[in-house]
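**Q** Below are the structure tokens for one structure; questions will follow.
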Amino acid sequence: MRRALARSAAKTVKFILRILGRGATTLPGKVALRIDPAIISKEAEGKFIITVTGTNGKTTTSHMISEMISSFDGYEVINNISGANLASGIATTLICEKKKDSKKLIYVLETDEAAFAKIAGSLNPKISVVTNLFRDQLDRYGELTHTRDLISSGIGNTTARLIINSDDSLVASLGKGREDRSIFFGMSKDSMKFNNDAYPSRKSVLRASSDAVFCPECKVRYEYRSRSFGHLGDFFCPSCGFKSPENTYSVIYDLKESPSDEGYRFSIDHNGDIRELSLVIPGMHNLYNTCAAVSAVTEMLKLSGETDVFEKACEASSKVKPAFGRMEKIPLQDNKKLCILLVKNPAGLDRSLSFVSEAKDAKALMFLLNSNTADGKDVSWIWDVDFESKVTSFPEKIYVSGERYGDMLLRVNYSGVDTEKIEYAPMNEAVDLLKKAISECEEGGCVYVLPNYTAMLDLRGKLVNELGIKDFWK
Amino acid sequence: MDNVSLNIGHFYPDLLNLYGDRGNVLALYTRAKRRGIDVNIREITIGDTLDPSSVDIAFLGGGQDNEQNILKDDLVRSKGPVIKEMIESGKVFLCICGGYQMLGRYYLEHNGNRLECLGAIDIYTEGKKERFIQDTIYEIELSDGKKVKVAGFENHSGRTYLGDTVKPFMKVIRGAGNNGEDGYEGARYKNCFCTYSHGSFLPKNAAVTDLLLETALRNKYGEDYELPYLSSEAEDLALRQALEYLNG
């Protein structure tokens, strides 16, 4: 009775919002939850749900999983949009989104870390992916170990198969005591070692601020046989022996070529079945996201009683298209391109800087820094990132804007770039600055723009109006 | 003077590295290096022995609770006596947030639990439930008596109170400061400078960076040492823009 009332209220709210021409991604669920606080578990019952959580890569991984499953005959996907990953957005998705009944329906739900703790039990997903845990707007989310504990308590309320990152000590520890349902993905340990030896990373004047350096139980420093980036790698605790678990899905890679280039070739090893893939969404971090997606889809197919499951998942991964505006290069005139990389936290900025400094087509780099509530009010985080080891590979042309352009300008300057070589403007002139960057960009080159959240939202609206490009970031 | 060198001792960089505190070390490094000074950054962490002569400026940042608990024994028991000596002898220290609190006498947790700290400076801290999280503006008086505005960002639940031997570092213009009551921010004891301010603190506030550099180099090369002139155009622009944004 309550459920019926909650459902119809949610649908009515959605209908009205649509008539008003407004987005209806969270309010319907909010209303439904008010009427029936148990609505999520009632709606989730009997559904095949895959959740994706973690501080970085949630949206990309969810997107890949959704695209891959949608490409299979007989399967359909319902997913929430990236901005609606709290309880209200998930309730909205479960109640209001519909597909034809004839096909097998899979729900792919990107879930905020804190929201996951609260609703994982109600959702009781069949598969739960945890991508990684990096520091993320600590003024909003609190300490990283706390976030890890939240996810752990959420998982404890489910019977889900866990797809977890073996190279992230915080995430890998979620598998402790849950060995029977934990499936690990990550870089092949041999491959990581080979790459560390063959292509040593550049030394920086000052190391980046790192997370999870110590074993939380023994308070002893983790040692690493090899590393990929940040605190991800083949770690072990010399005291308790906890170590990066063996993978069921392992990425075999060679950094002779750069994963920042499109079509980068790598392989995934699943219990000795090794298949070569092409990296559809570039960036070293997307090796992890792709592997997580292939793992989740393979396990979904297994649970659904299919055959040749790994082969099918690998094939599907090569057909994924980047979400519009996320790592996708937007074509402009004169064969120029625009690529927008949202950066919300130090790990994201670090990866994007790495990506841009390796990308062969990078001819201009633009930073946009805001400090509104959704960004985190504190801009200090830009100093956690190691610009210093990458600055020599930055494009010649650097542009800075945003409501906090002064802070970002100084950040770039302190990495070793003369201020005279950086063009900057306040946020209300950001679009003009971007137009200038595009016009100064050489033919065939790409302008990379790194905004944080509200700067991206602001820029997006203006770009659609002024550059006439299709709306992105749905 | 030829061959001027500066050794920055970065304490527990693997544990105390919250809210961009790394930027403070980078600021000291950058403004010394741009003056042609030979700069060496030494990481000093758990288990390392501390040689006071190898450090001209010591930096301690803030950390997450979990991380601060890991290093507390090493700081208080192993390195504590040497750090106290260094501070008493006038060595330059910059301590931010957690680093500031840990140098004090004790930290009284919100639940009444008393955590003994290093006791290198006469301050104590009481933890409260409500956190001060906001942009901040302070006023600081330089060695020549000039008063300048500096900008930062605070994020702390501790309220810090200063003993008689310790002077406040800055005056609060905007923000809560040490305890939200007395209008002061941070502490100075001899050449040990403490503040709650992240931001990062030093990069935008070149006057403070230079104050620390000059004090450290005078310690090392004598009171006649003059810090060579260096423009602070980029830093001042960042400071001006931050102040404009905050007053916006």
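In the structure tokens, the first chain shown is A, the next is B, and so on; residue numbers restart at 1 for each chain, and ligands run from 1 in the order shown.
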Taking a cut-off of 12 Å and counting only C-alpha atoms, can you build a table that, for each residue of stretch 343-371 of chain A near stretch 267-282 of chain A, reports the nearest atom pair and how far apart they are in Å (one decimal), sorted by chain then residue number, as a tab-separated table?

**A**
residue	atom	partner	partner_atom	distance
A:Arg351	CA	A:Pro282	CA	11.0
A:Ser352	CA	A:Pro282	CA	10.6
A:Ser354	CA	A:Pro282	CA	11.5
A:Phe355	CA	A:Pro282	CA	8.2
A:Val356	CA	A:Pro282	CA	10.7
A:Glu358	CA	A:Pro282	CA	10.9
A:Ala359	CA	A:Pro282	CA	9.6

**Q** What's the 12 Å shell around B:Gly112, counting only C-alpha atoms, without same-chain residues fewer than 4 positions away, as a list of chain:residue names?

**A**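 The residues satisfying every condition are B:Tyr106, B:Tyr107, B:Leu108, B:Thr125, B:Glu126, B:Gly127, B:Lys128.
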
**Q** Extract the full set of strand (DSSP E) residues from stretch 24-69 of chain A according to DSSP on the backbone, and format it as a list in words.

**A**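 Taking stretch 24-69 of chain A and keeping strand (DSSP E) only, one gets Phe48, Ile49, Ile50, Thr51, Val52 and Thr53 of chain A.
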
**Q** Pick out the closest residue to chain A from this set: B:Lys147, B:Lys79, B:Arg131, B:Lys84. Count only C-alpha atoms.

**A**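 Of B:Lys147, B:Lys79, B:Arg131, B:Lys84, the one nearest chain A is B:Arg131, counting only C-alpha atoms.
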
**Q** May I ask you to extract the residues of chain A within 10 Å of chain B, using only C-alpha atoms, and to give them as a PDB file with N, CA and C atoms, in the first residue's frame?

**A**
ATOM      1  N   ARG A 135      42.129  10.056  -1.644  1.00  0.00           N
ATOM      2  CA  ARG A 135      41.596  11.203  -0.899  1.00  0.00           C
ATOM      3  C   ARG A 135      40.705  12.026  -1.821  1.00  0.00           C
ATOM      4  N   GLN A 137      38.144  15.394  -1.513  1.00  0.00           N
ATOM      5  CA  GLN A 137      37.436  16.480  -0.831  1.00  0.00           C
ATOM      6  C   GLN A 137      37.201  16.138   0.641  1.00  0.00           C
ATOM      7  N   LEU A 138      38.313  16.053   1.372  1.00  0.00           N
ATOM      8  CA  LEU A 138      38.242  15.610   2.758  1.00  0.00           C
ATOM      9  C   LEU A 138      37.350  16.494   3.617  1.00  0.00           C
ATOM     10  N   ASP A 139      37.226  17.770   3.206  1.00  0.00           N
ATOM     11  CA  ASP A 139      36.368  18.656   4.004  1.00  0.00           C
ATOM     12  C   ASP A 139      34.909  18.244   3.881  1.00  0.00           C
ATOM     13  N   ARG A 140      34.568  17.507   2.816  1.00  0.00           N
ATOM     14  CA  ARG A 140      33.187  17.055   2.665  1.00  0.00           C
ATOM     15  C   ARG A 140      33.009  15.606   3.113  1.00  0.00           C
ATOM     16  N   GLY A 142      35.403  13.492   4.789  1.00  0.00           N
ATOM     17  CA  GLY A 142      36.095  12.975   5.955  1.00  0.00           C
ATOM     18  C   GLY A 142      37.224  12.034   5.560  1.00  0.00           C
ATOM     19  N   GLU A 143      37.719  11.320   6.544  1.00  0.00           N
ATOM     20  CA  GLU A 143      38.931  10.542   6.350  1.00  0.00           C
ATOM     21  C   GLU A 143      38.719   9.316   5.470  1.00  0.00           C
ATOM     22  N   LEU A 144      39.801   8.967   4.793  1.00  0.00           N
ATOM     23  CA  LEU A 144      39.755   7.868   3.834  1.00  0.00           C
ATOM     24  C   LEU A 144      39.467   6.517   4.493  1.00  0.00           C
ATOM     25  N   THR A 145      40.055   6.282   5.654  1.00  0.00           N
ATOM     26  CA  THR A 145      39.809   4.992   6.325  1.00  0.00           C
ATOM     27  C   THR A 145      38.338   4.901   6.745  1.00  0.00           C
ATOM     28  N   HIS A 146      37.753   6.055   7.050  1.00  0.00           N
ATOM     29  CA  HIS A 146      36.333   6.097   7.393  1.00  0.00           C
ATOM     30  C   HIS A 146      35.489   5.710   6.174  1.00  0.00           C
ATOM     31  N   VAL A 205      60.954  16.725  -7.426  1.00  0.00           N
ATOM     32  CA  VAL A 205      61.636  17.451  -6.360  1.00  0.00           C
ATOM     33  C   VAL A 205      60.975  17.152  -5.009  1.00  0.00           C
ATOM     34  N   LEU A 206      59.680  16.841  -5.068  1.00  0.00           N
ATOM     35  CA  LEU A 206      58.918  16.627  -3.844  1.00  0.00           C
ATOM     36  C   LEU A 206      57.857  15.588  -4.150  1.00  0.00           C
ATOM     37  N   ARG A 207      57.841  14.518  -3.393  1.00  0.00           N
ATOM     38  CA  ARG A 207      56.877  13.469  -3.724  1.00  0.00           C
ATOM     39  C   ARG A 207      55.435  13.952  -3.522  1.00  0.00           C
ATOM     40  N   ALA A 208      54.522  13.354  -4.290  1.00  0.00           N
ATOM     41  CA  ALA A 208      53.106  13.696  -4.150  1.00  0.00           C
ATOM     42  C   ALA A 208      52.617  13.226  -2.785  1.00  0.00           C
ATOM     43  N   SER A 209      51.607  13.906  -2.248  1.00  0.00           N
ATOM     44  CA  SER A 209      51.018  13.467  -0.982  1.00  0.00           C
ATOM     45  C   SER A 209      50.323  12.142  -1.231  1.00  0.00           C
ATOM     46  N   SER A 210      50.700  11.131  -0.478  1.00  0.00           N
ATOM     47  CA  SER A 210      50.161   9.808  -0.785  1.00  0.00           C
ATOM     48  C   SER A 210      49.240   9.316   0.324  1.00  0.00           C
ATOM     49  N   ASP A 211      48.350   8.415  -0.071  1.00  0.00           N
ATOM     50  CA  ASP A 211      47.395   7.829   0.859  1.00  0.00           C
ATOM     51  C   ASP A 211      47.840   6.420   1.228  1.00  0.00           C
ATOM     52  N   ALA A 212      47.286   5.917   2.326  1.00  0.00           N
ATOM     53  CA  ALA A 212      47.391   4.500   2.675  1.00  0.00           C
ATOM     54  C   ALA A 212      48.811   3.966   2.625  1.00  0.00           C
ATOM     55  N   VAL A 213      49.736   4.700   3.228  1.00  0.00           N
ATOM     56  CA  VAL A 213      51.127   4.283   3.196  1.00  0.00           C
ATOM     57  C   VAL A 213      51.388   3.172   4.216  1.00  0.00           C
ATOM     58  N   PHE A 214      50.596   3.188   5.289  1.00  0.00           N
ATOM     59  CA  PHE A 214      50.839   2.255   6.386  1.00  0.00           C
ATOM     60  C   PHE A 214      49.703   1.239   6.530  1.00  0.00           C
ATOM     61  N   CYS A 215      50.051   0.039   6.959  1.00  0.00           N
ATOM     62  CA  CYS A 215      49.048  -0.977   7.258  1.00  0.00           C
ATOM     63  C   CYS A 215      48.246  -0.492   8.465  1.00  0.00           C
ATOM     64  N   PRO A 216      46.929  -0.326   8.315  1.00  0.00           N
ATOM     65  CA  PRO A 216      46.160   0.253   9.413  1.00  0.00           C
ATOM     66  C   PRO A 216      46.136  -0.640  10.658  1.00  0.00           C
ATOM     67  N   CYS A 218      48.720  -2.973  11.628  1.00  0.00           N
ATOM     68  CA  CYS A 218      50.035  -3.122  12.277  1.00  0.00           C
ATOM     69  C   CYS A 218      50.743  -1.780  12.466  1.00  0.00           C
ATOM     70  N   LYS A 219      50.278  -0.743  11.793  1.00  0.00           N
ATOM     71  CA  LYS A 219      50.931   0.559  11.801  1.00  0.00           C
ATOM     72  C   LYS A 219      52.384   0.455  11.322  1.00  0.00           C
ATOM     73  N   VAL A 220      52.585  -0.421  10.363  1.00  0.00           N
ATOM     74  CA  VAL A 220      53.896  -0.632   9.763  1.00  0.00           C
ATOM     75  C   VAL A 220      53.785  -0.233   8.293  1.00  0.00           C
ATOM     76  N   ARG A 221      54.850   0.348   7.752  1.00  0.00           N
ATOM     77  CA  ARG A 221      54.815   0.826   6.366  1.00  0.00           C
ATOM     78  C   ARG A 221      54.706  -0.346   5.391  1.00  0.00           C
ATOM     79  N   PRO A 346      42.766  15.076  -5.994  1.00  0.00           N
ATOM     80  CA  PRO A 346      44.179  14.993  -6.384  1.00  0.00           C
ATOM     81  C   PRO A 346      44.488  13.821  -7.322  1.00  0.00           C
ATOM     82  N   LYS A 377      35.188  23.565  -0.614  1.00  0.00           N
ATOM     83  CA  LYS A 377      35.507  24.988  -0.478  1.00  0.00           C
ATOM     84  C   LYS A 377      37.022  25.220  -0.441  1.00  0.00           C
ATOM     85  N   ASP A 378      37.753  24.177  -0.123  1.00  0.00           N
ATOM     86  CA  ASP A 378      39.185  24.304   0.119  1.00  0.00           C
ATOM     87  C   ASP A 378      39.953  23.981  -1.168  1.00  0.00           C
ATOM     88  N   VAL A 379      40.740  24.934  -1.649  1.00  0.00           N
ATOM     89  CA  VAL A 379      41.505  24.677  -2.877  1.00  0.00           C
ATOM     90  C   VAL A 379      42.895  24.089  -2.595  1.00  0.00           C
ATOM     91  N   SER A 380      43.200  23.835  -1.341  1.00  0.00           N
ATOM     92  CA  SER A 380      44.531  23.330  -0.978  1.00  0.00           C
ATOM     93  C   SER A 380      44.934  22.076  -1.746  1.00  0.00           C
ATOM     94  N   TRP A 381      43.936  21.290  -2.138  1.00  0.00           N
ATOM     95  CA  TRP A 381      44.231  19.981  -2.734  1.00  0.00           C
ATOM     96  C   TRP A 381      45.100  20.048  -3.991  1.00  0.00           C
ATOM     97  N   ILE A 382      45.096  21.190  -4.669  1.00  0.00           N
ATOM     98  CA  ILE A 382      45.907  21.268  -5.896  1.00  0.00           C
ATOM     99  C   ILE A 382      47.397  21.152  -5.567  1.00  0.00           C
ATOM    100  N   TRP A 383      47.759  21.427  -4.308  1.00  0.00           N
ATOM    101  CA  TRP A 383      49.163  21.336  -3.904  1.00  0.00           C
ATOM    102  C   TRP A 383      49.562  19.909  -3.535  1.00  0.00           C
ATOM    103  N   ASP A 384      48.579  19.014  -3.381  1.00  0.00           N
ATOM    104  CA  ASP A 384      48.886  17.608  -3.097  1.00  0.00           C
ATOM    105  C   ASP A 384      49.412  16.879  -4.323  1.00  0.00           C
ATOM    106  N   VAL A 385      49.166  17.480  -5.483  1.00  0.00           N
ATOM    107  CA  VAL A 385      49.462  16.795  -6.739  1.00  0.00           C
ATOM    108  C   VAL A 385      50.870  17.130  -7.213  1.00  0.00           C
ATOM    109  N   ASP A 386      51.548  16.143  -7.741  1.00  0.00           N
ATOM    110  CA  ASP A 386      52.890  16.337  -8.260  1.00  0.00           C
ATOM    111  C   ASP A 386      52.836  16.863  -9.699  1.00  0.00           C
ATOM    112  N   GLU A 388      55.337  18.791 -10.562  1.00  0.00           N
ATOM    113  CA  GLU A 388      56.750  19.083 -10.772  1.00  0.00           C
ATOM    114  C   GLU A 388      57.436  18.088 -11.707  1.00  0.00           C
ATOM    115  N   GLU A 403      37.008  30.643 -10.752  1.00  0.00           N
ATOM    116  CA  GLU A 403      36.813  31.642  -9.699  1.00  0.00           C
ATOM    117  C   GLU A 403      38.042  31.758  -8.803  1.00  0.00           C
ATOM    118  N   ARG A 404      38.873  30.718  -8.782  1.00  0.00           N
ATOM    119  CA  ARG A 404      40.095  30.747  -7.988  1.00  0.00           C
ATOM    120  C   ARG A 404      41.326  30.696  -8.900  1.00  0.00           C
ATOM    121  N   TYR A 405      41.287  31.457  -9.980  1.00  0.00           N
ATOM    122  CA  TYR A 405      42.378  31.381 -10.954  1.00  0.00           C
ATOM    123  C   TYR A 405      43.725  31.773 -10.369  1.00  0.00           C
ATOM    124  N   GLY A 406      43.715  32.659  -9.362  1.00  0.00           N
ATOM    125  CA  GLY A 406      44.978  33.093  -8.758  1.00  0.00           C
ATOM    126  C   GLY A 406      45.715  31.922  -8.120  1.00  0.00           C
ATOM    127  N   ASP A 407      44.975  31.080  -7.416  1.00  0.00           N
ATOM    128  CA  ASP A 407      45.578  29.909  -6.774  1.00  0.00           C
ATOM    129  C   ASP A 407      46.151  28.943  -7.813  1.00  0.00           C
ATOM    130  N   MET A 408      45.385  28.712  -8.874  1.00  0.00           N
ATOM    131  CA  MET A 408      45.850  27.763  -9.888  1.00  0.00           C
ATOM    132  C   MET A 408      47.028  28.328 -10.675  1.00  0.00           C
ATOM    133  N   LEU A 409      46.983  29.626 -10.937  1.00  0.00           N
ATOM    134  CA  LEU A 409      48.082  30.282 -11.645  1.00  0.00           C
ATOM    135  C   LEU A 409      49.389  30.102 -10.870  1.00  0.00           C
ATOM    136  N   LEU A 410      49.311  30.302  -9.560  1.00  0.00           N
ATOM    137  CA  LEU A 410      50.504  30.168  -8.724  1.00  0.00           C
ATOM    138  C   LEU A 410      50.951  28.705  -8.660  1.00  0.00           C
ATOM    139  N   ARG A 411      49.963  27.798  -8.646  1.00  0.00           N
ATOM    140  CA  ARG A 411      50.306  26.374  -8.609  1.00  0.00           C
ATOM    141  C   ARG A 411      51.128  25.995  -9.844  1.00  0.00           C
ATOM    142  N   ASN A 413      52.767  28.096 -11.777  1.00  0.00           N
ATOM    143  CA  ASN A 413      54.017  28.850 -11.698  1.00  0.00           C
ATOM    144  C   ASN A 413      55.041  28.129 -10.804  1.00  0.00           C
ATOM    145  N   TYR A 414      54.608  27.648  -9.646  1.00  0.00           N
ATOM    146  CA  TYR A 414      55.524  26.974  -8.715  1.00  0.00           C
ATOM    147  C   TYR A 414      55.978  25.604  -9.227  1.00  0.00           C
ATOM    148  N   SER A 415      55.299  25.092 -10.254  1.00  0.00           N
ATOM    149  CA  SER A 415      55.793  23.834 -10.824  1.00  0.00           C
ATOM    150  C   SER A 415      56.946  24.107 -11.784  1.00  0.00           C
ATOM    151  N   GLY A 416      57.166  25.395 -12.076  1.00  0.00           N
ATOM    152  CA  GLY A 416      58.322  25.743 -12.899  1.00  0.00           C
ATOM    153  C   GLY A 416      57.993  26.408 -14.226  1.00  0.00           C
ATOM    154  N   ASP A 418      57.082  29.971 -16.126  1.00  0.00           N
ATOM    155  CA  ASP A 418      57.045  31.422 -15.933  1.00  0.00           C
ATOM    156  C   ASP A 418      55.619  31.940 -16.079  1.00  0.00           C
ATOM    157  N   THR A 419      55.245  32.885 -15.220  1.00  0.00           N
ATOM    158  CA  THR A 419      53.889  33.430 -15.302  1.00  0.00           C
ATOM    159  C   THR A 419      53.644  34.094 -16.653  1.00  0.00           C
ATOM    160  N   GLU A 420      54.695  34.655 -17.251  1.00  0.00           N
ATOM    161  CA  GLU A 420      54.524  35.305 -18.559  1.00  0.00           C
ATOM    162  C   GLU A 420      54.052  34.312 -19.623  1.00  0.00           C
ATOM    163  N   PRO A 426      39.602  35.837 -15.367  1.00  0.00           N
ATOM    164  CA  PRO A 426      38.596  35.418 -14.387  1.00  0.00           C
ATOM    165  C   PRO A 426      37.524  34.534 -15.031  1.00  0.00           C
TER     166      PRO A 426
END

**Q** Which is closest to B:Leu230 among B:Ala207, B:Ser143, B:Asp51, B:Arg159, if we use only C-alpha atoms?

**A**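 Among the listed residues, B:Ala207 lies closest to B:Leu230.
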
**Q** Would you mind listing what lies within 10 Å of B:Ser53 as a PDB file with C-alpha atoms, in the first residue's frame, with only C-alpha atoms counted and same-chain residues fewer than 5 positions away left out?

**A**
ATOM      1  CA  ASN B   7      68.256  22.304   4.337  1.00  0.00           C
ATOM      2  CA  MET B  86      66.083  22.447  18.332  1.00  0.00           C
ATOM      3  CA  LYS B  91      65.701  26.630  14.974  1.00  0.00           C
ATOM      4  CA  LYS B 220      72.955  29.838   9.908  1.00  0.00           C
TER       5      LYS B 220
END

**Q** So the first atom is atom CA of A:Ser41 and the second is atom CA of A:Arg161; what is the distance between them in Å, to one decimal place?

**A**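 Atom-to-atom, atom CA of A:Ser41 to atom CA of A:Arg161, that is 18.2 Å.
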
**Q** For B:Gly183, which residue among B:Asp48, B:Glu130, B:Glu88, B:Glu139 is the nearest when counting only C-alpha atoms?

**A**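 Of B:Asp48, B:Glu130, B:Glu88, B:Glu139, the one nearest B:Gly183, counting only C-alpha atoms, is B:Glu139.
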
**Q** Just to confirm, what's the straight-line distance from atom CA of B:Cys117 to atom CA of B:Ile140 in Å (one decimal)?

**A**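 One can read the atom CA of B:Cys117 to atom CA of B:Ile140 distance as 27.1 Å.
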
**Q** Can you tell me, as a VMD selection string, what residues are no more than 7 Å from stretch 395-401 of chain A when counting only C-alpha atoms, ignoring any on the same chain fewer than 5 positions away?

**A** chain A and resid 362 to 369 408 to 409 422 to 427 430
